[in-house]
Each structure stands twice: as C-alpha cells, then as structure tokens.
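Take a look at the structure set out below.
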Amino acid sequence: MNHAFEANFDGLVGPTHHYGGHSFGNVASTSNAAHIANPRAAALQGLAKMKALADLGYRQGVLPPQERPALWVLRDMGYTGTDNEIIGLQANTQSGLFAGLCSASSMWTANAATVSPSADTADGRVHFSVANLTSKFHRSIEAPQTRRSLAAIFASDAHFTIHAALPQHAALGDEGAANHTRLSHAYGEPGTEFFVYGARFWGGQHAPQRYPARQTLEASQAIARRHGLAAERTVFAQQNPAVIDAGVFHNDVIAVGNLDVLFCHELAFLDAPAVYAELRQKQAGLQIIEVPESEVSVADAVRSYLFNSQLLDKGQGKQRLIVPEECRSTPAVWAFLEELQASGGPINEVLVFDLKQSMQNGGGPACLRLRVALTEREAAAVNPAVWMNDALHERLTHWVCRHYRDRLGVADLADPALLIEVRTALDELTQLLELGSIYPFQRDGSDA
Ligand code: SUG
C-alpha cells in the first residue's frame, strides 16, 4: 500500500461574489437574493479556513475563481460590440441572465468535479470528472474553465486523468463530489465509492415534487464507469426526495463521510436500511453515526449546515469536524455537537468557522472544498504554487485586499469598472499561482 493522504482544494471566492438568488431549491440562495454582498470578506473568510487547516497539518490547495462576467456566453447569444457595449446593453435589464453570468459560484469546488483516487481506479491514476452542473444556468457555464484550471494544477498525464463534463442534458445532470463520498480504512487502500443521486432520469419512480433533483443515477453510473471503479466497491443510493423538497439540494447538505465513518441524518436516504447494509457489506468496519430527526430536524440541518461540515482525520481512529458558525447559533445542533464530542465515538473535536458570506448563498465548509486523496508521488506532481502555506496566505490576502470590493449588489455587476478590476486581479492571480493563460480574456475571449 502506498502512503496517501487527503488534500483539500478550496475555491478562492471570486471578486463578483453576490447574492443573485440564482439557485431555486437552495433555500439560502433564494432567501438572500438581492442582499448586498461583501466579496472581500467572503474571500478572506475562505482564506482563513484554508490557512487554519494548513496550520493543523492538512495539505491544503487553492483552486482559482473563474472569469466573470462570462461575456463569451452573451456573444454566443448574438450580442455584438465591444465588451463595454455588451455590458451596457445588460445594465437596465431585469432578467437574471447577466447576474447569472457574473456568479462567483465556482467557489464551491465540491461541485467542480468527482474525484476517484488511484487506489480505486482500474488504471491506477487519479480520475477527475468535471461536473456539468446542468441543473442551474449560472453553474452550467463553469465546466470548460474548471477543466482548464484542473489541467493547470494536475498536469501530469502519468498520474492524473481529467475527463470533460458529461453531455449537458437533464438525463446526465451531475453536481460533482457534493454527491460522492469515498470511504476507506486508509487513503492509500482501495475504498468504497458511494454515489448519491436525486432521481433516476429513465424509469425512476421517486422524485422530489417541489425542488429539482440535480444529480441523476445515470450520471453517477457514467462517472463510475469512466473512472474504472470496481462494482464490488461502488454503491449507488437514492437521496430521500422529501429532503430535497426540504432544501437539501446536494447530498453533502445531509451526509458527510471520511475514512471509515459516515455521519448522516436518518432521513438522508430513500431506503436507509438497504443503503447501510450495502455500505457495511462493501466497507467492512464502517461506523455510521446516524442523527435522528428527534434530535436535529432536517430544517435545522438545512439552517445550520451541520452535515456540510468537513470530517478530517486526526489519526488513531479519531476525526475532527469543521462546522460553520451557524451550527453554534442553532441550539439543537450545538447541543448535539456537544454530546457528540463527549460520546467517546470517532468524532471528538469540533472547530467552528465564520463563513457567513458563502453560507448566505448555501455554501458551507464542505461546499468550498474538493477532496483529492493523493500518494506522495502524486502530490509531488501537483503544481506546487497552489499549496497553501504562510507565504501564499499572505500574498493572497494582500491580493484580495488590493483588488476586491467590500460591497457588491446586483446593480453593480454592470459597472464597466468591475470588468477591469476582475481581469486585473485574475491576471495577477495566474502569475501568483503559476497557472499560465487559463482565462478567456487571456485567450482572445475564447472559452474553448
Ligand atoms: O449550487 N449556490 C450554490 C451552492 C453550492 C453548494 N455546494 C454544495 N452543497 N456542495 C448552488 O446552489 C447561489 C448563487 C446565488 O444565488 O447568487 C449558488 O449558486
């Protein structure tokens, strides 16, 4: 067995972070629509989490934001003229189109891709499948840039395979690692890959009624196939449609797992006993910590993002949970967490972070990170400039403070000065992170 560990790659919040109400079914997004955002605070909150985890000894990487506004989409839609003329045409429209094309949603890198470590794949490489994010217009435009960004960081063909997004159609709706959990005894040993889907596109009998199911079984199966996963170590389970209708738009809002621990709500899955039985059969020694509705309601789980926490290995069978402040201010959740730490179980520590800017758009600690289990050799093949350390934290903090606004509302998005600010910032970032010319504005406006 190769020595391996889990690295977290967090999305750096982009300078156009705002509250656009773009995600129907994500209660925080729609209820905070049109609030004034603070992109600078958002980016600094994210950086503080990255730094804290790096200080605790975890390998922490950074994924760059995307170029916004995505003017190439407007050009594809027949708008012509200079960049400023095209933006000018959008300034007074009430439609969500332009704001959607300004969304900083790529910060939630749990939706960037699904990742299978080399211990699980048929060809012994780490496989990434870029998510198509078909379900939401503002997110469906992320995939080409995600692919270029990942290619600039995981460049070695000998170690990494980056698959393009699945075709953009509802049948293959894919939201990446937010609906995928890898369980294992050790990161370098073959593990069990657990895919949770919202609905089956063809022939499904159960689907949410109020809000959309964003992940299909067909997409999850395609990813397992592409990654060369063994059927005897793969589990597909349907999310409970009732919790999607209660605002659980991704499985990582109701369940999180790491190594041989799965922490989930009792209502997370459509057929929980069958799911647990299959997981236990495939992943011997799995410990399932199931939280009953009587202790933490689904509504409180959605409000606090208890399950959108990061479960991190501490060694000796113990793990710590990284939770957002909202868990401390939700009484039932905080009472549960105090009990959990005292219970003698595998989770014996809880660390709280202020991620309010992201949380108000429905993005908690786990949304902000993409997990990549790596061997030392694979880690050595990662672009070294993206690893978080004191020096990078300091440089990125200065960079944010120099380039980001501390107030941004939807009406500000069509300010031509913002376009220049974004491009100046991103140009400098590509140098800081040694990414090359990955952005459309650096490539003659092309997103291909
Ligand atoms: O896709 N919110 C994101 C939140 C993603 C959370 N990710 C995970 N659960 N892994 C989404 O719904 C809101 C943007 C806005 O409304 O301005 C948004 O895109």
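Following the order of the structure tokens, first chain is A, next is B, and so on, with residues numbered from 1 inside each chain and ligands from 1 in the order they appear.
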With ligand 1 as the partner and 6 Å as the cut-off, tabulate the residues of chain A that qualify, each row holding the nearest pair of atoms and their distance in Å to one decimal, using only C-alpha atoms and all ligand atoms, sorted by chain and rising number, as JSON lines.
{"residue": "A:His18", "atom": "CA", "partner": "ligand 1", "partner_atom_place_in_ligand_line": "17 (O)", "distance": 5.5}
{"residue": "A:Tyr19", "atom": "CA", "partner": "ligand 1", "partner_atom_place_in_ligand_line": "17 (O)", "distance": 4.0}
{"residue": "A:Gly20", "atom": "CA", "partner": "ligand 1", "partner_atom_place_in_ligand_line": "17 (O)", "distance": 3.6}
{"residue": "A:Gly21", "atom": "CA", "partner": "ligand 1", "partner_atom_place_in_ligand_line": "16 (O)", "distance": 3.5}
{"residue": "A:His22", "atom": "CA", "partner": "ligand 1", "partner_atom_place_in_ligand_line": "16 (O)", "distance": 3.7}
{"residue": "A:Ser23", "atom": "CA", "partner": "ligand 1", "partner_atom_place_in_ligand_line": "12 (O)", "distance": 4.7}
{"residue": "A:Asn26", "atom": "CA", "partner": "ligand 1", "partner_atom_place_in_ligand_line": "12 (O)", "distance": 5.4}
{"residue": "A:Ser29", "atom": "CA", "partner": "ligand 1", "partner_atom_place_in_ligand_line": "16 (O)", "distance": 4.3}
{"residue": "A:Ser103", "atom": "CA", "partner": "ligand 1", "partner_atom_place_in_ligand_line": "17 (O)", "distance": 6.0}
{"residue": "A:Ser105", "atom": "CA", "partner": "ligand 1", "partner_atom_place_in_ligand_line": "19 (O)", "distance": 4.9}
{"residue": "A:Trp108", "atom": "CA", "partner": "ligand 1", "partner_atom_place_in_ligand_line": "7 (N)", "distance": 5.3}
{"residue": "A:Ala110", "atom": "CA", "partner": "ligand 1", "partner_atom_place_in_ligand_line": "10 (N)", "distance": 4.8}
{"residue": "A:Asn111", "atom": "CA", "partner": "ligand 1", "partner_atom_place_in_ligand_line": "10 (N)", "distance": 5.5}
{"residue": "A:Ala178", "atom": "CA", "partner": "ligand 1", "partner_atom_place_in_ligand_line": "10 (N)", "distance": 4.4}
{"residue": "A:His250", "atom": "CA", "partner": "ligand 1", "partner_atom_place_in_ligand_line": "9 (N)", "distance": 5.1}
{"residue": "A:Asp252", "atom": "CA", "partner": "ligand 1", "partner_atom_place_in_ligand_line": "9 (N)", "distance": 5.6}
{"residue": "A:Val253", "atom": "CA", "partner": "ligand 1", "partner_atom_place_in_ligand_line": "9 (N)", "distance": 5.8}
{"residue": "A:Asn361", "atom": "CA", "partner": "ligand 1", "partner_atom_place_in_ligand_line": "13 (C)", "distance": 4.6}
{"residue": "A:Gly362", "atom": "CA", "partner": "ligand 1", "partner_atom_place_in_ligand_line": "4 (C)", "distance": 4.8}
{"residue": "A:Gly363", "atom": "CA", "partner": "ligand 1", "partner_atom_place_in_ligand_line": "6 (C)", "distance": 4.2}
{"residue": "A:Cys367", "atom": "CA", "partner": "ligand 1", "partner_atom_place_in_ligand_line": "10 (N)", "distance": 3.6}
Just to be explicit: take each residue in the selection above, keep N, CA, C and O atoms, and write the result as a CSV table (one decimal), in the first residue's frame.
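Result went into result_17.csv, see below:
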chain,number,residue,atom,x,y,z
A,18,HIS,N,-21.8,37.7,-5.2
A,18,HIS,CA,-23.0,38.5,-4.9
A,18,HIS,C,-24.2,37.5,-4.6
A,18,HIS,O,-24.0,36.3,-4.7
A,19,TYR,N,-25.3,38.1,-4.2
A,19,TYR,CA,-26.5,37.3,-3.9
A,19,TYR,C,-27.5,37.5,-5.0
A,19,TYR,O,-28.2,38.5,-5.0
A,20,GLY,N,-27.5,36.6,-5.9
A,20,GLY,CA,-28.3,36.7,-7.1
A,20,GLY,C,-29.6,35.9,-7.1
A,20,GLY,O,-30.5,36.1,-7.9
A,21,GLY,N,-29.8,35.1,-6.0
A,21,GLY,CA,-31.0,34.2,-6.0
A,21,GLY,C,-31.1,33.3,-7.1
A,21,GLY,O,-32.2,33.0,-7.7
A,22,HIS,N,-29.9,32.8,-7.6
A,22,HIS,CA,-29.9,32.0,-8.8
A,22,HIS,C,-30.3,30.5,-8.6
A,22,HIS,O,-30.4,29.9,-9.6
A,23,SER,N,-30.3,30.0,-7.4
A,23,SER,CA,-30.4,28.6,-7.2
A,23,SER,C,-31.8,28.2,-6.6
A,23,SER,O,-31.8,28.0,-5.4
A,26,ASN,N,-32.3,25.9,-3.4
A,26,ASN,CA,-31.3,26.2,-2.4
A,26,ASN,C,-31.9,27.4,-1.6
A,26,ASN,O,-31.9,28.5,-2.1
A,29,SER,N,-29.9,30.6,-1.0
A,29,SER,CA,-29.7,31.4,-2.2
A,29,SER,C,-31.0,32.2,-2.5
A,29,SER,O,-30.9,33.5,-2.7
A,103,SER,N,-22.0,35.2,-11.6
A,103,SER,CA,-21.9,34.5,-10.4
A,103,SER,C,-20.5,34.0,-10.1
A,103,SER,O,-19.8,33.5,-11.0
A,105,SER,N,-20.0,31.4,-8.4
A,105,SER,CA,-20.4,30.1,-7.8
A,105,SER,C,-19.3,29.0,-8.0
A,105,SER,O,-19.4,28.0,-7.3
A,108,TRP,N,-17.6,27.0,-5.0
A,108,TRP,CA,-18.0,25.8,-4.3
A,108,TRP,C,-17.4,24.6,-5.0
A,108,TRP,O,-18.1,24.0,-5.9
A,110,ALA,N,-16.7,21.7,-4.3
A,110,ALA,CA,-17.2,20.3,-4.1
A,110,ALA,C,-18.1,20.0,-5.4
A,110,ALA,O,-18.4,18.8,-5.6
A,111,ASN,N,-18.5,21.1,-6.1
A,111,ASN,CA,-19.2,20.8,-7.4
A,111,ASN,C,-18.4,21.0,-8.6
A,111,ASN,O,-18.9,21.0,-9.7
A,178,ALA,N,-20.1,16.7,-4.5
A,178,ALA,CA,-21.1,17.0,-3.4
A,178,ALA,C,-22.1,15.8,-3.3
A,178,ALA,O,-22.8,15.7,-2.2
A,250,HIS,N,-28.1,19.1,-2.4
A,250,HIS,CA,-27.0,18.2,-2.6
A,250,HIS,C,-26.9,17.2,-1.4
A,250,HIS,O,-27.2,17.6,-0.3
A,252,ASP,N,-24.4,16.5,0.2
A,252,ASP,CA,-23.5,16.9,1.3
A,252,ASP,C,-24.1,18.0,2.2
A,252,ASP,O,-23.4,18.5,3.0
A,253,VAL,N,-25.4,18.2,2.0
A,253,VAL,CA,-26.1,19.0,3.0
A,253,VAL,C,-26.8,18.1,4.1
A,253,VAL,O,-27.3,18.6,5.1
A,361,ASN,N,-25.3,32.0,0.6
A,361,ASN,CA,-25.6,31.5,-0.8
A,361,ASN,C,-25.8,30.0,-0.7
A,361,ASN,O,-25.8,29.3,-1.8
A,362,GLY,N,-25.8,29.4,0.5
A,362,GLY,CA,-26.0,28.0,0.6
A,362,GLY,C,-24.7,27.2,0.4
A,362,GLY,O,-24.7,26.0,0.0
A,363,GLY,N,-23.6,27.8,0.7
A,363,GLY,CA,-22.3,27.1,0.6
A,363,GLY,C,-21.5,27.0,1.9
A,363,GLY,O,-21.0,28.1,2.4
A,367,CYS,N,-18.8,22.6,1.0
A,367,CYS,CA,-19.0,23.0,-0.4
A,367,CYS,C,-17.8,23.7,-1.0
A,367,CYS,O,-17.5,23.6,-2.2
Residues at most 12 Å from A:Met77, counting only C-alpha atoms, excluding those fewer than 4 positions away in the same chain, as a PDB file with C-alpha atoms, in the first residue's frame?
ATOM      1  CA  ALA A  70     -18.893  35.386 -18.805  1.00  0.00           C
ATOM      2  CA  LEU A  71     -19.158  37.662 -21.838  1.00  0.00           C
ATOM      3  CA  TRP A  72     -18.488  34.813 -24.255  1.00  0.00           C
ATOM      4  CA  VAL A  73     -21.946  33.419 -23.417  1.00  0.00           C
ATOM      5  CA  ILE A  86     -22.371  44.394 -24.463  1.00  0.00           C
ATOM      6  CA  LEU A  97     -29.231  36.461 -17.284  1.00  0.00           C
ATOM      7  CA  PHE A  98     -26.442  38.939 -16.718  1.00  0.00           C
TER       8      PHE A  98
END
Distance query A:Gly25 at most 10 Å, only C-alpha atoms, self and fewer than 5 positions along chain excluded, as a count of residues only: 13
Neighbouring residues of stretch 333-338 of chain A were defined as those with any atom within 9 Å, considering only C-alpha atoms; residues of the same chain fewer than 4 positions away were excluded. Please report them as a PyMOL selection string. chain A and resi 291+295-297+300-301+304+306+327-329+342-343+349-350
Output as a list of chain:residue names all residues of stretch 24-155 of chain A that backbone DSSP marks as strand (DSSP E). A:Arg59, A:Gln60, A:Gly61, A:Val62, A:Leu63, A:Ala113, A:Thr114, A:Val115, A:Ser116, A:Val126, A:His127, A:Phe128, A:Ser129, A:Val130
Could you pull out all residues of stretch 270-386 of chain A with a DSSP call of alpha helix (DSSP H) and give them as an MDAnalysis selection string? chainID A and resid 272:282 298:304 325:328 331:342 356:359 376:380
Stretch 344-420 of chain A near stretch 132-156 of chain A within 8 Å: what's each residue's closest atom pair and its distance in Å to one decimal, counting only C-alpha atoms, ordered by chain then ascending residue number, as CSV?
residue,atom,partner,partner_atom,distance
A:Ala381,CA,A:Ser156,CA,6.3
A:Val382,CA,A:Phe154,CA,5.2
A:Asn383,CA,A:Ile153,CA,4.8
A:Val386,CA,A:Ile153,CA,7.6
Given the selection you just returned, output its residues as a file containing all heavy atoms, formatted as a CSV table (one decimal), in the first residue's frame.
chain,number,residue,atom,x,y,z
A,381,ALA,N,3.5,15.7,-8.1
A,381,ALA,CA,3.2,16.1,-9.5
A,381,ALA,C,2.2,17.2,-9.6
A,381,ALA,O,1.8,17.7,-10.6
A,381,ALA,CB,2.7,14.9,-10.2
A,382,VAL,N,1.7,17.7,-8.4
A,382,VAL,CA,0.7,18.8,-8.4
A,382,VAL,C,1.5,20.1,-8.6
A,382,VAL,O,2.6,20.3,-8.0
A,382,VAL,CB,-0.1,18.8,-7.1
A,382,VAL,CG1,-1.0,20.0,-7.0
A,382,VAL,CG2,-0.9,17.5,-7.0
A,383,ASN,N,0.9,21.1,-9.3
A,383,ASN,CA,1.5,22.4,-9.4
A,383,ASN,C,1.8,22.9,-8.0
A,383,ASN,O,0.9,23.2,-7.2
A,383,ASN,CB,0.5,23.3,-10.1
A,383,ASN,CG,1.0,24.7,-10.2
A,383,ASN,OD1,1.9,25.2,-9.5
A,383,ASN,ND2,0.3,25.5,-11.1
A,386,VAL,N,0.2,26.1,-5.8
A,386,VAL,CA,-1.2,26.2,-5.3
A,386,VAL,C,-1.3,25.7,-3.9
A,386,VAL,O,-2.4,25.7,-3.3
A,386,VAL,CB,-2.3,25.5,-6.2
A,386,VAL,CG1,-2.3,26.0,-7.6
A,386,VAL,CG2,-2.1,24.0,-6.1
Record the distance separating atom CA of A:Glu376 and atom CA of A:His180, expressed in Å with one decimal. 23.3 Å
What are the nearest atom pairs, with distances in Å to one decimal, for all residues of stretch 74-189 of chain A that come at most 12 Å from stretch 278-290 of chain A, using only C-alpha atoms, set out by chain and rising residue number as JSON lines?
{"residue": "A:Thr181", "atom": "CA", "partner": "A:Leu279", "partner_atom": "CA", "distance": 11.3}
{"residue": "A:Arg182", "atom": "CA", "partner": "A:Gln283", "partner_atom": "CA", "distance": 10.3}
{"residue": "A:Leu183", "atom": "CA", "partner": "A:Gln283", "partner_atom": "CA", "distance": 7.3}
{"residue": "A:Ser184", "atom": "CA", "partner": "A:Gln283", "partner_atom": "CA", "distance": 7.0}
{"residue": "A:His185", "atom": "CA", "partner": "A:Gly285", "partner_atom": "CA", "distance": 8.2}
{"residue": "A:Ala186", "atom": "CA", "partner": "A:Gln283", "partner_atom": "CA", "distance": 11.6}
{"residue": "A:Glu189", "atom": "CA", "partner": "A:Gln283", "partner_atom": "CA", "distance": 11.5}
Determine the nearest neighbour of A:Gln205 from the options A:Leu172, A:Leu270, A:Leu101, A:Met388, counting only C-alpha atoms.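 Closest to A:Gln205 of all the choices is A:Leu270.
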Between atom CA of A:Ala207 and atom CA of A:Leu311, what is the spacing in Å? 29.0 Å
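Between atom CA of A:Val372 and atom CA of A:Glu6 the separation is 5.7 Å.
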